[in-house]
Amino acid sequence: MKKILLKKGQIFLLAYIYLLLINTLIRLVLGYTPFPKYFFLDMFYQFLFLSPLFLFKSMKYSRIYTYIVITFASFLFFANVTYYTVSGTMIYIGLIKYLGEAENVFSWSYIKWYFVLAAVTLIAGYVLVTKLVDHFFKDPIYPGPYLLSGILLSLVVFFTSTIMIQVNSVSIYRESEDIVEISGCEDGYEVINFTTTYLKSACFKKYGMTTFYLSEASLLFGNGTTGTIDYSEGSTSEYNLNYHGLLAGYNVFTIMIETGISGAISEELTPNLYFLQSEGLNFSNNYSKNKTATSEIIGFAGSYPTSDINYNYDYTDANSIYKLQIDNPYTLPYLLNDEYHTSFFHDGAGLYARNSLMGQFGFESWRHEFYDVHPSGTSRWNFRGNYELDSDYIDIVLSDMYTTDEPFYTFWTTLSTHGPYTDDAGYTEVAERDAYFEDEGYFALFDQYYDEIYYPLYGNLDSNTYSYLRHLISAFMDLDKAVGKIIDALKDAGEYDNTLFVVYGDHEAYYQKLSKTLSGASSSSDIYQYQTSLFFYNETLSSKYKEVNGLSQDDECEITTFTSPYIIVPTILDLLGIDYNEDYYYSSSFFSFKTPLDGIFYSTELAGFFTDRMYSIDLSTTDYLEGGTGEDYKDLFYEAGLAKLVKMTYIDSLYDEWLSYPE
C-alpha cells in the first residue's frame with residue numbers, strides 16, 4: 001500500500017509542478033508577476049483538480065487523467081498568450097458565446113506558431129518525464145484496500161484545500177473593502193465572483209488562473225452579480241436648459257464607423273465627414289475599446305451587460321431559452337418608436353445575431369444581409385477582404401434609411417473600413433480590393449497628401465505600415481463617398497436641416513496592430529491607441545454651442561473633455577427633449593457632466609477603466625499613468641470607477657430581467 005501511494009504521490013507531484021510551471025509561464029507572457037497575490041488559494045484549487053487521480057485503482061488511468069489535465073492547461077497557455085497578442089487581454093469563458101462569430105473573422109495569421117510549439121513542448125515534456133519515472137519505478141501490484149485508501153487521501157486533500165480556501169477567503173474579504181461596500185458581498189468567494197464579473201483582468205492577475213476560471217465557470221449558472229443595490233425609482237437627470245429639447249422632433253442619423261480611428265478624417269481626402277466633424281460638436285478626446293457589436297449596442301442602448309449576450313442563438317425563436325424579452329423600455333428605438341420610424345442597417349451575413357436582436361432591441365425595421373454587388377461577383381463576403389464597399393451598399397438601402405412623413409431614427413454600422421489591410425497572411429481578396437481602390441484613385445490621393453496630412457502625425461513609416469494605413473484611409477474615402485450620397489439625398493428630400501448626425505467609431509485599428517504601431521503603444525494599457533472619432537452635427541446645435549460658450553460663428557466646436565460612446569444615447573435624448581432616468585444608462589448626457597471624470601470609460605473587452613490620463617484593471621493600482629498626474633486625480637479616478645461599478649450592477653440587473661437564460 002505504501003508503495004502504491006508513493007507512486008501515486010510521484011505522479012501527483014510531477015503533474016502539480018507542471019501545472020505551476022504552465023500558470024507561471026502564462027503570467028509572465030501577460031506581463032504579470034510570476035505568482036498571484038493569493039498564491040495559496042490558486043495552489044489548493046490545483047490540488048483539487050489533480051486529487052481525483054487517487055480514486056483510480058489503475059496507475060494507467062491516473063496517468064491518463066494527468067495527461068488530460070496537463071493538455072488542457074497547455075491549451076490554456078496557448079489560447080491566453082495568443083489572444084493576448086491580438087486583443088491585449090486574456091481568454092475568459094464568456095468568449096464561448098463568440099465562437100460562431102470568430103469563425104467568420106478567424107485568420108491563421110493570428111496563430112503564433114512559437115506558442116503552439118511551446119504548448120506542444122510542455123505536453124511532450126510531461127509525457128517524456130512520466131515515462132522516465134515509470135522506467136525507474138515499476139508499477140506495483142494493487143492490493144484490495146487501495147480504493148478505500150485513495151478515497152481517504154482524496155478527502156484529506158479536499159478538506160485541507162477547503163480550509164486553506166476559507167483562510168484566504170477571509171483575507172480577501174477584509175482587503176477588498178471598496179468592493180464589499182459597493183456590492184454587498186458577504187465573503188471572499190463573493191468578492192472573487194464580483195471581480196470576475198466586472199474586473200476580469202484584475203481577478204486573473206490577483207487570484208490566479210485556476211481561481212479565475214473556476215469563478216468564471218460559476219457565472220455560467222447565474223448572472224454573476226452578488227450586489228443588493230436598489231435604485232428604487234432612480235432619478236431624472238439634471239438638464240442644461242440651453243440644450244434640453246433644442247432639437248425636439250428632429251431626425252437622428254447615427255453612423256458607427258467600423259474601425260473609426262481618430263485622425264483618419266481630413267478635408268482633402270474625406271470632405272463630407274470632415275464637414276460634419278469640423279462644423280459640428282467634435283469630441284476630439286474620445287476613446288473606445290470594445291468589440292463591434294458591443295460598441296453598436298452601447299450606441300443605441302447606452303449600456304452593455306457584463307453578463308454578455310449570446311450571439312449564437314436566434315432571439316426571435318419562441319422556443320429559444322435565450323429569447324430577449326420585448327419589454328426593454330430604455331433603448332433609443334423603443335423610446336422613439338411612438339413618434340419616429342426607427343431602422344437599423346448593416347451589410348452582413350447574420351453576424352452577432354443582428355437579424356433577430358435588432359427587433360428585440362426595438363427597431364421597427366432592419367436590413368442586415370449580403371447584397372452581391374462587390375466587383376468580384378463573389379457569392380458571399382467574408383473578412384479576408386472581399387466584403388462589400390459602403391459606397392455600393394448605400395445605393396441599395398438609401399431610400400429606406402429616411403422618411404418624410406414622420407421623423408426617423410436611423411442607425412448604420414459601416415463596413416468598408418474593416419480590416420485586414422494587407423494581402424498577405426491568407427487575406428488573398430484584399431489584393432482585389434486594392435485594385436479597386438487603385439482604379440478609383442484613392443491610393444493616388446493618399447500618396448499625394450501623405451506628407452501634408454499623415455507625416456506630421458506619424459512621421460516616417462516602414463513600408464508595411466504605410467501600406468496598411470493607405471488601405472485603411474482609402475476605405476475611409478469610400479465611406480466618405482457613401483456619406484456624401486446620404487447628405488445629398490436628405491437635402492433633396494428637405495430633411496437635411498432638421499437632422500442630427502451622430503458619427504462615432506467602435507474601436508481602434510487592431511488588424512496588423514495598426515493603431516498600436518501608429519500610437520507607439522508598447523502594451524494594451526497604453527490608452528492612446530484607443531482614441532476614436534465622435535461628433536454630433538446639426539447647424540442649430542453648433543450655433544447654440546457657440547453662443548453659449550462665447551465663440552464666433554467661424555470658430556470650430558472642438559470639445560477636449562474625455563468622452564466615449566456611452567454618452568451618445570443620453571445626449572441624444574437630452575437634445576430631443578426626452579426626459580430619461582440616468583440610472584438606466586452608464587453615462588449621462590454630455591451637457592449634464594459635472595466633472596471630466598463623469599466620462600470614465602469601462603471597456604468590456606479589456607475589463608478595465610481608463611481616461612486619457614490613467615488606466616486601471618482593479619481601481620486600486622494603475623497600469624498606465626500619464627506623467628505629472630497627481631495623487632488627487634488618482635483618488636478621483638478610483639472613486640469615479642467605483643461609482644460606475646455601482647451603476648453597472650444595477651444595469652446588469654435590468655438586463656437580467658430582459659434576458660431569459662437556461663434554468
# chains A, B, ... in the order shown; residues from 1 in each chain; ligands from 1
>>> residues_around(residues="A:Leu500", least_positions_apart="3", cutoff="12 Å", atoms="only C-alpha atoms", output="PyMOL selection string")
chain A and resi 246-255+276+280-281+407-411+487+490+495-497+503+535-542+568+571-573+575-576
>>> residues_around(residues="A:Ser215", least_positions_apart="4", cutoff="8 Å", atoms="only C-alpha atoms", output="mmCIF file with all heavy atoms, in the first residue's frame")
data_model
loop_
_atom_site.group_PDB
_atom_site.id
_atom_site.type_symbol
_atom_site.label_atom_id
_atom_site.label_comp_id
_atom_site.auth_asym_id
_atom_site.auth_seq_id
_atom_site.Cartn_x
_atom_site.Cartn_y
_atom_site.Cartn_z
ATOM 1 N N ILE A 192 -14.475 37.519 -5.129
ATOM 2 C CA ILE A 192 -13.874 36.967 -6.347
ATOM 3 C C ILE A 192 -14.910 36.905 -7.461
ATOM 4 O O ILE A 192 -14.637 37.249 -8.614
ATOM 5 C CB ILE A 192 -13.283 35.573 -6.084
ATOM 6 C CG1 ILE A 192 -12.104 35.674 -5.120
ATOM 7 C CG2 ILE A 192 -12.826 34.925 -7.390
ATOM 8 C CD1 ILE A 192 -11.554 34.334 -4.694
ATOM 9 N N ASN A 193 -16.127 36.475 -7.119
ATOM 10 C CA ASN A 193 -17.186 36.399 -8.111
ATOM 11 C C ASN A 193 -17.487 37.771 -8.699
ATOM 12 O O ASN A 193 -17.695 37.926 -9.909
ATOM 13 C CB ASN A 193 -18.444 35.815 -7.464
ATOM 14 C CG ASN A 193 -19.417 35.268 -8.489
ATOM 15 O OD1 ASN A 193 -19.017 34.694 -9.487
ATOM 16 N ND2 ASN A 193 -20.694 35.453 -8.242
ATOM 17 N N THR A 196 -14.587 38.877 -10.903
ATOM 18 C CA THR A 196 -14.593 38.116 -12.148
ATOM 19 C C THR A 196 -15.637 38.672 -13.111
ATOM 20 O O THR A 196 -15.436 38.703 -14.322
ATOM 21 C CB THR A 196 -14.879 36.629 -11.881
ATOM 22 O OG1 THR A 196 -13.870 36.102 -11.029
ATOM 23 C CG2 THR A 196 -14.891 35.835 -13.172
ATOM 24 N N THR A 211 -8.169 29.845 -10.011
ATOM 25 C CA THR A 211 -9.240 30.503 -9.266
ATOM 26 C C THR A 211 -10.136 31.291 -10.213
ATOM 27 O O THR A 211 -11.365 31.268 -10.091
ATOM 28 C CB THR A 211 -8.647 31.454 -8.209
ATOM 29 O OG1 THR A 211 -7.748 30.728 -7.379
ATOM 30 C CG2 THR A 211 -9.736 32.071 -7.360
ATOM 31 N N LEU A 219 -20.171 31.524 -13.060
ATOM 32 C CA LEU A 219 -21.020 32.574 -13.603
ATOM 33 C C LEU A 219 -21.956 32.041 -14.689
ATOM 34 O O LEU A 219 -22.950 32.685 -15.026
ATOM 35 C CB LEU A 219 -20.170 33.705 -14.188
ATOM 36 C CG LEU A 219 -19.228 34.407 -13.212
ATOM 37 C CD1 LEU A 219 -18.521 35.561 -13.905
ATOM 38 C CD2 LEU A 219 -19.972 34.911 -11.992
#
>>> closest_residue(among="A:Asp480, A:Tyr92, A:Asn242, A:Phe637", to="A:Ala217", atoms="only C-alpha atoms")
A:Tyr92
>>> closest_residue(among="A:Ser51, A:Ser543, A:Gln531, A:Thr259", to="A:Tyr421", atoms="only C-alpha atoms")
A:Thr259
>>> closest_residue(among="A:Thr532, A:Gln277, A:Thr82, A:Asn549", to="A:Ser295", atoms="only C-alpha atoms")
A:Thr532
>>> atom_distance(atom1="atom CA of A:Leu53", atom2="atom CA of A:Thr130")
14.5 Å
>>> atom_distance(atom1="atom CA of A:Thr629", atom2="atom CA of A:Tyr615")
11.8 Å
>>> residues_around(residues="A:Tyr45", least_positions_apart="2", cutoff="8 Å", atoms="only C-alpha atoms", output="ChimeraX atom specification")
/A:41-43,47-49,161,210-211
>>> select_by_dssp(residues="stretch 490-645 of chain A", states="alpha helix (DSSP H)", output="number ranges by chain")
A: 490-493, 514-519, 539-548, 568-576, 631-645
>>> residues_around(residues="A:Ser74", least_positions_apart="3", cutoff="8 Å", atoms="only C-alpha atoms", output="VMD selection string")
chain A and resid 22 70 to 71 77 to 78 119 to 120 122 to 123
>>> atom_distance(atom1="atom CA of A:Phe283", atom2="atom CA of A:Leu597")
14.9 Å
>>> residues_around(residues="A:Tyr449", least_positions_apart="4", cutoff="10 Å", atoms="only C-alpha atoms", output="ChimeraX atom specification")
/A:266,268-269,444-445,453-455
>>> closest_residue(among="A:Tyr566, A:Tyr67, A:Phe54, A:Tyr198", to="A:Ser303", atoms="only C-alpha atoms")
A:Tyr566
>>> closest_residue(among="A:Glu605, A:His346, A:Val646, A:Gly459", to="A:Ile91", atoms="only C-alpha atoms")
A:Glu605
>>> residues_around(residues="A:Val569", least_positions_apart="4", cutoff="8 Å", atoms="only C-alpha atoms", output="PDB file with N, CA and C atoms, in the first residue's frame")
ATOM      1  N   ILE A 298     -24.063  49.814 -27.333  1.00  0.00           N
ATOM      2  CA  ILE A 298     -23.870  50.997 -26.499  1.00  0.00           C
ATOM      3  C   ILE A 298     -24.399  52.235 -27.219  1.00  0.00           C
ATOM      4  N   GLY A 299     -24.246  52.285 -28.545  1.00  0.00           N
ATOM      5  CA  GLY A 299     -24.645  53.445 -29.329  1.00  0.00           C
ATOM      6  C   GLY A 299     -26.142  53.650 -29.432  1.00  0.00           C
ATOM      7  N   PHE A 300     -26.955  52.594 -29.174  1.00  0.00           N
ATOM      8  CA  PHE A 300     -28.410  52.809 -29.191  1.00  0.00           C
ATOM      9  C   PHE A 300     -29.090  52.378 -27.894  1.00  0.00           C
ATOM     10  N   ALA A 301     -28.335  51.722 -26.986  1.00  0.00           N
ATOM     11  CA  ALA A 301     -28.920  51.338 -25.698  1.00  0.00           C
ATOM     12  C   ALA A 301     -28.284  52.089 -24.533  1.00  0.00           C
ATOM     13  N   GLY A 302     -27.082  52.638 -24.731  1.00  0.00           N
ATOM     14  CA  GLY A 302     -26.432  53.403 -23.673  1.00  0.00           C
ATOM     15  C   GLY A 302     -25.703  52.567 -22.654  1.00  0.00           C
ATOM     16  N   LEU A 332     -32.858  53.538 -27.260  1.00  0.00           N
ATOM     17  CA  LEU A 332     -33.275  54.703 -28.041  1.00  0.00           C
ATOM     18  C   LEU A 332     -34.423  54.386 -29.008  1.00  0.00           C
ATOM     19  N   LEU A 573     -31.119  61.915 -26.269  1.00  0.00           N
ATOM     20  CA  LEU A 573     -32.389  62.094 -25.558  1.00  0.00           C
ATOM     21  C   LEU A 573     -32.503  63.506 -25.002  1.00  0.00           C
ATOM     22  N   SER A 589     -25.939  62.562 -20.262  1.00  0.00           N
ATOM     23  CA  SER A 589     -25.758  63.482 -21.372  1.00  0.00           C
ATOM     24  C   SER A 589     -24.485  64.287 -21.146  1.00  0.00           C
TER      25      SER A 589
END
>>> closest_residue(among="A:Ala124, A:Met477, A:Val483, A:Ile651", to="A:Trp412", atoms="only C-alpha atoms")
A:Val483
>>> residues_around(residues="A:Glu181", least_positions_apart="5", cutoff="10 Å", atoms="only C-alpha atoms", output="NGL selection string")
:A and (176 or 186 or 227 or 642 or 646)
>>> write_last_selection(atoms="all heavy atoms", output="PDB file, in the first residue's frame")
ATOM      1  N   SER A 176     -10.715  43.799   0.541  1.00  0.00           N
ATOM      2  CA  SER A 176     -11.493  44.399  -0.547  1.00  0.00           C
ATOM      3  C   SER A 176     -12.653  45.222  -0.002  1.00  0.00           C
ATOM      4  O   SER A 176     -13.813  44.989  -0.333  1.00  0.00           O
ATOM      5  CB  SER A 176     -12.009  43.298  -1.485  1.00  0.00           C
ATOM      6  OG  SER A 176     -10.951  42.492  -1.939  1.00  0.00           O
ATOM      7  N   GLU A 186     -20.545  39.231   0.953  1.00  0.00           N
ATOM      8  CA  GLU A 186     -20.505  38.799   2.343  1.00  0.00           C
ATOM      9  C   GLU A 186     -19.302  37.936   2.679  1.00  0.00           C
ATOM     10  O   GLU A 186     -19.090  37.604   3.841  1.00  0.00           O
ATOM     11  CB  GLU A 186     -21.793  38.044   2.689  1.00  0.00           C
ATOM     12  CG  GLU A 186     -23.041  38.927   2.576  1.00  0.00           C
ATOM     13  CD  GLU A 186     -24.307  38.188   2.934  1.00  0.00           C
ATOM     14  OE1 GLU A 186     -24.223  36.961   3.169  1.00  0.00           O
ATOM     15  OE2 GLU A 186     -25.370  38.822   2.996  1.00  0.00           O
ATOM     16  N   GLY A 227     -24.506  41.799  -5.816  1.00  0.00           N
ATOM     17  CA  GLY A 227     -24.898  43.005  -5.099  1.00  0.00           C
ATOM     18  C   GLY A 227     -26.378  43.072  -4.777  1.00  0.00           C
ATOM     19  O   GLY A 227     -27.210  42.366  -5.339  1.00  0.00           O
ATOM     20  N   LEU A 642     -15.478  53.292  -9.118  1.00  0.00           N
ATOM     21  CA  LEU A 642     -16.319  52.545  -8.189  1.00  0.00           C
ATOM     22  C   LEU A 642     -17.779  52.964  -8.312  1.00  0.00           C
ATOM     23  O   LEU A 642     -18.693  52.136  -8.219  1.00  0.00           O
ATOM     24  CB  LEU A 642     -15.827  52.754  -6.755  1.00  0.00           C
ATOM     25  CG  LEU A 642     -14.490  52.078  -6.420  1.00  0.00           C
ATOM     26  CD1 LEU A 642     -13.961  52.560  -5.074  1.00  0.00           C
ATOM     27  CD2 LEU A 642     -14.645  50.557  -6.417  1.00  0.00           C
ATOM     28  N   VAL A 646     -21.086  50.569  -9.290  1.00  0.00           N
ATOM     29  CA  VAL A 646     -22.403  50.544  -8.659  1.00  0.00           C
ATOM     30  C   VAL A 646     -23.495  50.593  -9.724  1.00  0.00           C
ATOM     31  O   VAL A 646     -24.442  49.803  -9.714  1.00  0.00           O
ATOM     32  CB  VAL A 646     -22.569  51.741  -7.686  1.00  0.00           C
ATOM     33  CG1 VAL A 646     -24.002  51.820  -7.172  1.00  0.00           C
ATOM     34  CG2 VAL A 646     -21.601  51.626  -6.523  1.00  0.00           C
TER      35      VAL A 646
END
